[in-house]
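File shown here: run17.cif, holding mmCIF, C-alpha atoms.
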```cif
data_start
#
loop_
_atom_site.label_atom_id
_atom_site.label_comp_id
_atom_site.auth_asym_id
_atom_site.auth_seq_id
_atom_site.Cartn_x
_atom_site.Cartn_y
_atom_site.Cartn_z
CA ASP A 6 0.00 0.00 0.00
CA ILE A 7 1.12 3.58 -0.61
CA GLN A 8 1.80 5.36 2.67
CA VAL A 9 0.69 8.97 2.95
CA THR A 10 2.12 11.10 5.75
CA GLN A 11 0.67 14.47 6.69
CA SER A 12 2.22 17.21 8.75
CA PRO A 13 1.68 18.86 11.08
CA SER A 14 -0.88 16.81 13.02
CA SER A 15 -2.38 20.04 14.33
CA VAL A 16 -2.02 23.76 13.75
CA SER A 17 -3.34 26.75 15.63
CA ALA A 18 -3.49 30.05 13.77
CA SER A 19 -5.23 33.41 13.87
CA VAL A 20 -8.04 34.56 11.62
CA GLY A 21 -6.47 35.89 8.42
CA ASP A 22 -3.29 33.83 8.72
CA ARG A 23 -1.92 31.66 5.96
CA VAL A 24 -1.99 27.96 6.84
CA THR A 25 -0.01 25.28 5.04
CA ILE A 26 -0.44 21.51 5.37
CA THR A 27 1.87 19.05 3.68
CA CYS A 28 1.40 15.50 2.49
CA ARG A 29 4.26 13.17 1.55
CA ALA A 30 3.76 9.87 -0.25
CA SER A 31 5.91 6.75 -0.19
CA GLN A 32 5.70 6.48 -4.00
CA ASP A 33 5.32 8.80 -6.96
CA LEU A 34 1.64 9.82 -7.25
CA ASP A 35 2.01 12.03 -10.36
CA ASN A 36 -0.77 14.52 -9.47
CA TRP A 37 -3.33 12.03 -8.22
CA VAL A 38 -4.02 13.60 -4.84
CA ALA A 39 -7.15 14.97 -3.21
CA TRP A 40 -7.74 17.03 -0.09
CA TYR A 41 -10.80 16.74 2.12
CA GLN A 42 -12.22 18.80 4.97
CA GLN A 43 -14.05 17.11 7.82
CA LYS A 44 -15.97 18.84 10.59
CA PRO A 45 -16.94 16.96 13.79
CA GLY A 46 -19.78 14.53 13.30
CA ARG A 47 -19.85 15.05 9.53
CA ALA A 48 -18.59 13.22 6.48
CA PRO A 49 -15.50 14.54 4.71
CA THR A 50 -16.06 16.93 1.83
CA LEU A 51 -13.86 17.19 -1.26
CA LEU A 52 -11.89 20.44 -1.48
CA ILE A 53 -9.14 19.83 -4.03
CA TYR A 54 -8.62 17.09 -6.63
CA ALA A 55 -5.82 16.32 -9.07
CA ALA A 56 -3.49 18.08 -6.60
CA SER A 57 -4.52 21.62 -7.53
CA ARG A 58 -8.06 21.72 -8.94
CA LEU A 59 -10.66 23.40 -6.77
CA GLN A 60 -13.89 21.45 -6.35
CA SER A 61 -16.99 23.38 -7.37
CA GLY A 62 -18.33 25.58 -4.57
CA VAL A 63 -15.11 25.59 -2.53
CA PRO A 64 -13.85 29.08 -1.56
CA SER A 65 -10.87 30.34 -3.53
CA ARG A 66 -8.81 30.81 -0.33
CA PHE A 67 -8.16 27.05 -0.54
CA GLY A 68 -5.39 25.99 -2.88
CA GLY A 69 -3.37 22.90 -3.64
CA SER A 70 -0.01 22.29 -5.23
CA GLY A 71 2.62 19.64 -5.74
CA SER A 72 3.39 16.57 -7.80
CA GLY A 73 5.31 13.35 -7.41
CA THR A 74 5.62 12.66 -3.70
CA ASP A 75 5.13 16.09 -2.08
CA PHE A 76 1.88 18.01 -1.93
CA THR A 77 0.56 21.05 -0.13
CA LEU A 78 -2.81 22.39 0.90
CA THR A 79 -2.86 26.11 1.60
CA ILE A 80 -5.54 28.22 3.22
CA SER A 81 -4.55 31.74 2.18
CA SER A 82 -6.56 33.60 4.82
CA LEU A 83 -7.91 31.45 7.64
CA GLN A 84 -11.59 31.97 8.49
CA PRO A 85 -13.46 30.75 11.59
CA GLU A 86 -15.49 28.30 9.49
CA ASP A 87 -12.24 26.60 8.38
CA CYS A 88 -11.84 24.96 11.80
CA ALA A 89 -11.82 21.31 10.84
CA THR A 90 -9.58 18.33 10.20
CA TYR A 91 -8.01 18.07 6.76
CA TYR A 92 -6.98 14.87 5.02
CA CYS A 93 -5.03 14.10 1.89
CA GLN A 94 -5.82 11.00 -0.16
CA GLN A 95 -3.82 9.31 -2.87
CA ALA A 96 -5.74 8.22 -5.97
CA ASN A 97 -2.84 6.77 -7.90
CA SER A 98 -3.36 3.13 -6.99
CA PHE A 99 -5.46 0.72 -4.96
CA PRO A 100 -6.10 0.51 -2.10
CA ARG A 101 -6.82 4.21 -1.80
CA THR A 102 -5.08 5.56 1.30
CA PHE A 103 -5.47 8.67 3.41
CA GLY A 104 -3.17 10.75 5.52
CA GLN A 105 -3.72 10.73 9.26
CA GLY A 106 -5.23 14.22 9.29
CA THR A 107 -4.33 17.76 10.35
CA LYS A 108 -6.54 19.52 12.84
CA VAL A 109 -6.81 23.28 12.23
CA GLU A 110 -7.86 25.50 15.11
CA ILE A 111 -8.26 29.22 15.64
CA LYS A 112 -5.98 30.86 18.22
CA GLN B 19 -27.51 17.00 -6.75
CA VAL B 20 -26.36 13.55 -5.68
CA GLU B 21 -27.45 12.37 -2.25
CA LEU B 22 -26.45 9.18 -0.47
CA GLN B 23 -28.58 7.93 2.42
CA GLN B 24 -27.15 5.20 4.61
CA SER B 25 -29.09 2.71 6.70
CA GLY B 26 -28.31 -0.32 8.80
CA PRO B 27 -27.85 -1.52 12.38
CA GLY B 28 -25.57 0.32 14.75
CA LEU B 29 -24.73 -2.72 16.85
CA VAL B 30 -23.36 -6.04 15.61
CA LYS B 31 -22.24 -9.00 17.68
CA PRO B 32 -18.72 -10.41 17.29
CA SER B 33 -18.39 -13.09 14.57
CA GLN B 34 -21.58 -11.90 12.87
CA THR B 35 -21.97 -10.00 9.58
CA LEU B 36 -22.12 -6.21 9.37
CA SER B 37 -24.59 -5.12 6.69
CA LEU B 38 -25.16 -1.55 5.50
CA THR B 39 -27.17 -0.04 2.66
CA CYS B 40 -26.53 3.15 0.72
CA ALA B 41 -29.49 4.54 -1.24
CA ILE B 42 -28.61 6.81 -4.16
CA SER B 43 -30.61 9.76 -5.46
CA GLY B 44 -29.53 12.04 -8.28
CA ASP B 45 -27.37 9.42 -10.02
CA SER B 46 -27.50 5.81 -11.17
CA VAL B 47 -25.72 2.94 -9.43
CA SER B 48 -24.99 1.54 -12.90
CA GLY B 49 -23.73 4.84 -14.34
CA ASP B 50 -20.80 4.47 -16.71
CA ILE B 51 -18.32 6.95 -15.17
CA VAL B 52 -19.01 6.50 -11.47
CA ALA B 53 -18.09 3.98 -8.80
CA TRP B 54 -19.56 3.36 -5.38
CA ASN B 55 -17.28 3.10 -2.39
CA TRP B 56 -17.28 2.18 1.29
CA ILE B 57 -14.87 3.85 3.71
CA ARG B 58 -14.64 3.59 7.46
CA GLN B 59 -13.14 5.80 10.15
CA SER B 60 -11.94 4.93 13.62
CA PRO B 61 -9.56 6.63 16.07
CA SER B 62 -7.05 3.78 15.74
CA ARG B 63 -7.09 3.37 11.94
CA GLY B 64 -8.12 6.80 10.70
CA LEU B 65 -9.87 6.88 7.33
CA GLU B 66 -9.68 3.48 5.69
CA TRP B 67 -10.94 2.76 2.17
CA LEU B 68 -12.64 -0.66 2.10
CA GLY B 69 -13.67 -1.17 -1.49
CA ARG B 70 -15.89 -0.21 -4.38
CA THR B 71 -18.14 -1.53 -7.12
CA TYR B 72 -18.91 -0.15 -10.56
CA TYR B 73 -20.64 -1.10 -13.78
CA ARG B 74 -18.94 -1.07 -17.20
CA SER B 75 -21.06 -3.50 -19.25
CA ARG B 76 -20.69 -5.83 -16.28
CA TRP B 77 -20.04 -5.38 -12.55
CA TYR B 78 -16.54 -4.98 -11.18
CA TRP B 79 -15.24 -4.94 -7.63
CA GLN B 80 -12.09 -3.78 -5.92
CA TYR B 81 -11.37 -4.45 -2.27
CA ALA B 82 -8.72 -3.42 0.23
CA PRO B 83 -6.31 -6.28 1.01
CA SER B 84 -6.96 -5.78 4.73
CA VAL B 85 -10.58 -6.96 4.35
CA THR B 86 -10.69 -8.79 1.02
CA SER B 87 -11.30 -12.21 2.56
CA ARG B 88 -14.50 -11.12 4.32
CA ILE B 89 -16.03 -8.21 2.39
CA VAL B 90 -18.72 -8.11 -0.27
CA ILE B 91 -19.95 -4.94 -1.99
CA ASN B 92 -22.84 -5.31 -4.39
CA ALA B 93 -25.66 -3.31 -5.89
CA ASP B 94 -29.35 -3.46 -6.71
CA THR B 95 -30.16 -1.53 -9.87
CA SER B 96 -33.93 -1.83 -9.35
CA LYS B 97 -33.64 0.05 -6.03
CA ASN B 98 -30.63 2.18 -7.03
CA GLU B 99 -28.77 1.07 -3.91
CA PHE B 100 -25.48 -0.53 -3.03
CA PHE B 101 -24.50 -2.58 -0.04
CA LEU B 102 -21.65 -3.49 2.27
CA GLN B 103 -21.33 -6.84 3.96
CA LEU B 104 -18.41 -7.46 6.28
CA GLU B 105 -18.26 -10.94 7.71
CA SER B 106 -16.79 -12.31 10.95
CA VAL B 107 -16.55 -8.93 12.62
CA THR B 108 -14.50 -8.26 15.74
CA PRO B 109 -14.38 -5.21 18.04
CA GLU B 110 -11.61 -3.86 15.75
CA ASP B 111 -14.29 -3.33 13.09
CA THR B 112 -16.02 -0.77 15.29
CA ALA B 113 -16.01 2.45 13.27
CA VAL B 114 -18.07 5.05 11.48
CA TYR B 115 -18.83 3.65 8.03
CA PHE B 116 -19.37 5.94 5.04
CA CYS B 117 -20.56 5.29 1.53
CA ALA B 118 -19.27 7.59 -1.20
CA ARG B 119 -19.27 8.13 -4.95
CA ASP B 120 -16.18 8.52 -7.04
CA TYR B 121 -16.58 10.25 -10.37
CA GLY B 122 -14.08 9.28 -13.01
CA GLY B 123 -12.47 6.69 -10.80
CA LYS B 124 -10.39 8.87 -8.55
CA TYR B 125 -11.98 11.24 -6.05
CA LEU B 126 -14.80 10.87 -3.55
CA ASP B 127 -17.11 13.75 -4.36
CA PHE B 128 -20.33 12.77 -2.57
CA TRP B 129 -20.58 11.01 0.79
CA GLY B 130 -23.29 9.48 2.89
CA GLN B 131 -23.95 10.78 6.38
CA GLY B 132 -22.02 8.01 8.13
CA THR B 133 -23.18 5.16 10.37
CA LEU B 134 -21.51 4.33 13.67
CA VAL B 135 -21.28 0.56 13.92
CA THR B 136 -20.23 -0.91 17.23
CA VAL B 137 -19.14 -4.53 17.46
CA SER B 138 -19.98 -5.79 20.91
CA SER B 139 -21.75 -8.68 22.59
#
```

Show this structure as C-alpha cells.
Amino acid sequence: DIQVTQSPSSVSASVGDRVTITCRASQDLDNWVAWYQQKPGRAPTLLIYAASRLQSGVPSRFGGSGSGTDFTLTISSLQPEDCATYYCQQANSFPRTFGQGTKVEIK
Amino acid sequence: QVELQQSGPGLVKPSQTLSLTCAISGDSVSGDIVAWNWIRQSPSRGLEWLGRTYYRSRWYWQYAPSVTSRIVINADTSKNEFFLQLESVTPEDTAVYFCARDYGGKYLDFWGQGTLVTVSS
C-alpha cells in the first residue's frame, strides 16, 4: 500500500493567517491527490482534486499544489469556518489511502 | 444534486456480519463513469478505504487487502442502492462507516452521512 504522511498533526493560527499543510507519499503519485475537509460529526467533503483543482463551490482561499511525492494544501486567509480536520488522499493506486489528518484550530 | 442515504444496524455481535445499505438519489448505481465506495473511520485506523463496485457492461469490484477475505460490496439496480457486507466482525471493526461516490475513478465527491457501527456482545 502507498503510505501517505501528513504534517503537522495540528495547527493553531489566527483569523487571516496563511496555513499550510503538507502530504508526503511513499511512491510517486504524479498529481493524483485529493484534499478533504471534515468537521466533527460530519462526512469529509472534497476540497481539491488532481493536486490543484478546486472542487466546485469551494472558496478560492483554498489551494493545492505539488506533484510526485510532495503536496501542499494552503488556506490563504484562515476563516473561523475553516476549523476542521483536513486529510489528503492518494488516488494513484489501490487501495486508496489517506493521511492521518491535520486539525486546524483558531488561536 | 447527488445524495447518499445510509441505513443499517448500529450494533453487531462479534463473529456476525455487518450489513449496511446506501441509497442513491440524483445518479444511477450503474452509471458508466461512477463507482460506489465504502470507507470507514476509527480513532485507531483513521480513514480506511474498504472497497468499491462499478458497472462497465458488467459489474466490477475492488477491495482493500486488509478486508478482502470477508467483504462483499454489491448493488441493486432496481432500487438504485449498493451494499456493504463485512463478515466475521471483531471489536476492531467498530467504526463510522461511510458510503461515497467517485466520479471518473479517482476522487470521492459525494458522501453518505455516516453510520456508527459498534461490534460488541

| task | Would you give me, as a VMD selection string, the residues of chain A that come within 10 Å of chain B, using only C-alpha atoms? | result | chain A and resid 6 37 to 41 46 to 55 60 92 94 to 106

| Quick one: residues within 8 Å of Tyr73 in chain B, all atoms listed in the file counted, chain neighbours fewer than 2 positions away excluded, as a ChimeraX atom specification? | /B:47-50,53,71,75-78

| message | Evaluate the PyMOL selection byres ((chain A and resi 68) around 10) against this structure - the residues, as JSON, numbers by chain, please. | response | {"A": [25, 40, 52, 53, 56, 57, 58, 59, 63, 64, 65, 66, 67, 69, 70, 77, 78, 79, 80, 81]}

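Computed from the coordinates, the CA of Ala89 in chain A to CA of Ile111 in chain A distance equals 9.9 Å.
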
| task | Using only C-alpha atoms, find the one residue out of A:Gln11, A:Asn36, A:Ser31, A:Gln42 that sits nearest to Glu86 in chain A. | result | A:Gln42

| said: Which residue is closest to Leu22 in chain B? Choose from B:Ser37, B:Thr86, B:Asn98, B:Ser139 and count all atoms listed in the file. | reply: B:Asn98

| remark: From CA of Gly26 in chain B to CA of Val90 in chain B the spacing works out at 15.3 Å

To test the calculation: enclose all listed atoms of range 50-55 of chain A in a box whose edges run along x, y and z, add 5 Å on each side, then state centre and edge lengths in Å to one decimal, as lines of an AutoDock Vina configuration file.
```
center_x = -10.9
center_y = 18.4
center_z = -3.6
size_x = 20.2
size_y = 14.1
size_z = 20.9
```

| said: For a test of reading the model, state the distance in Å between CA of Gln23 in chain B and CA of Thr112 in chain B, rounded to one decimal. | reply: 20.0 Å

| remark: In terms of only C-alpha atoms, the residue from B:Ser43, B:Leu36, B:Tyr72, B:Leu29 at minimal distance from Asp120 in chain B is B:Tyr72

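Once Gly44 in chain B and its same-chain neighbours fewer than 5 positions away are set aside, Gln19, Val20 and Glu21 of chain B remain within 7 Å of it when counting all atoms listed in the file.
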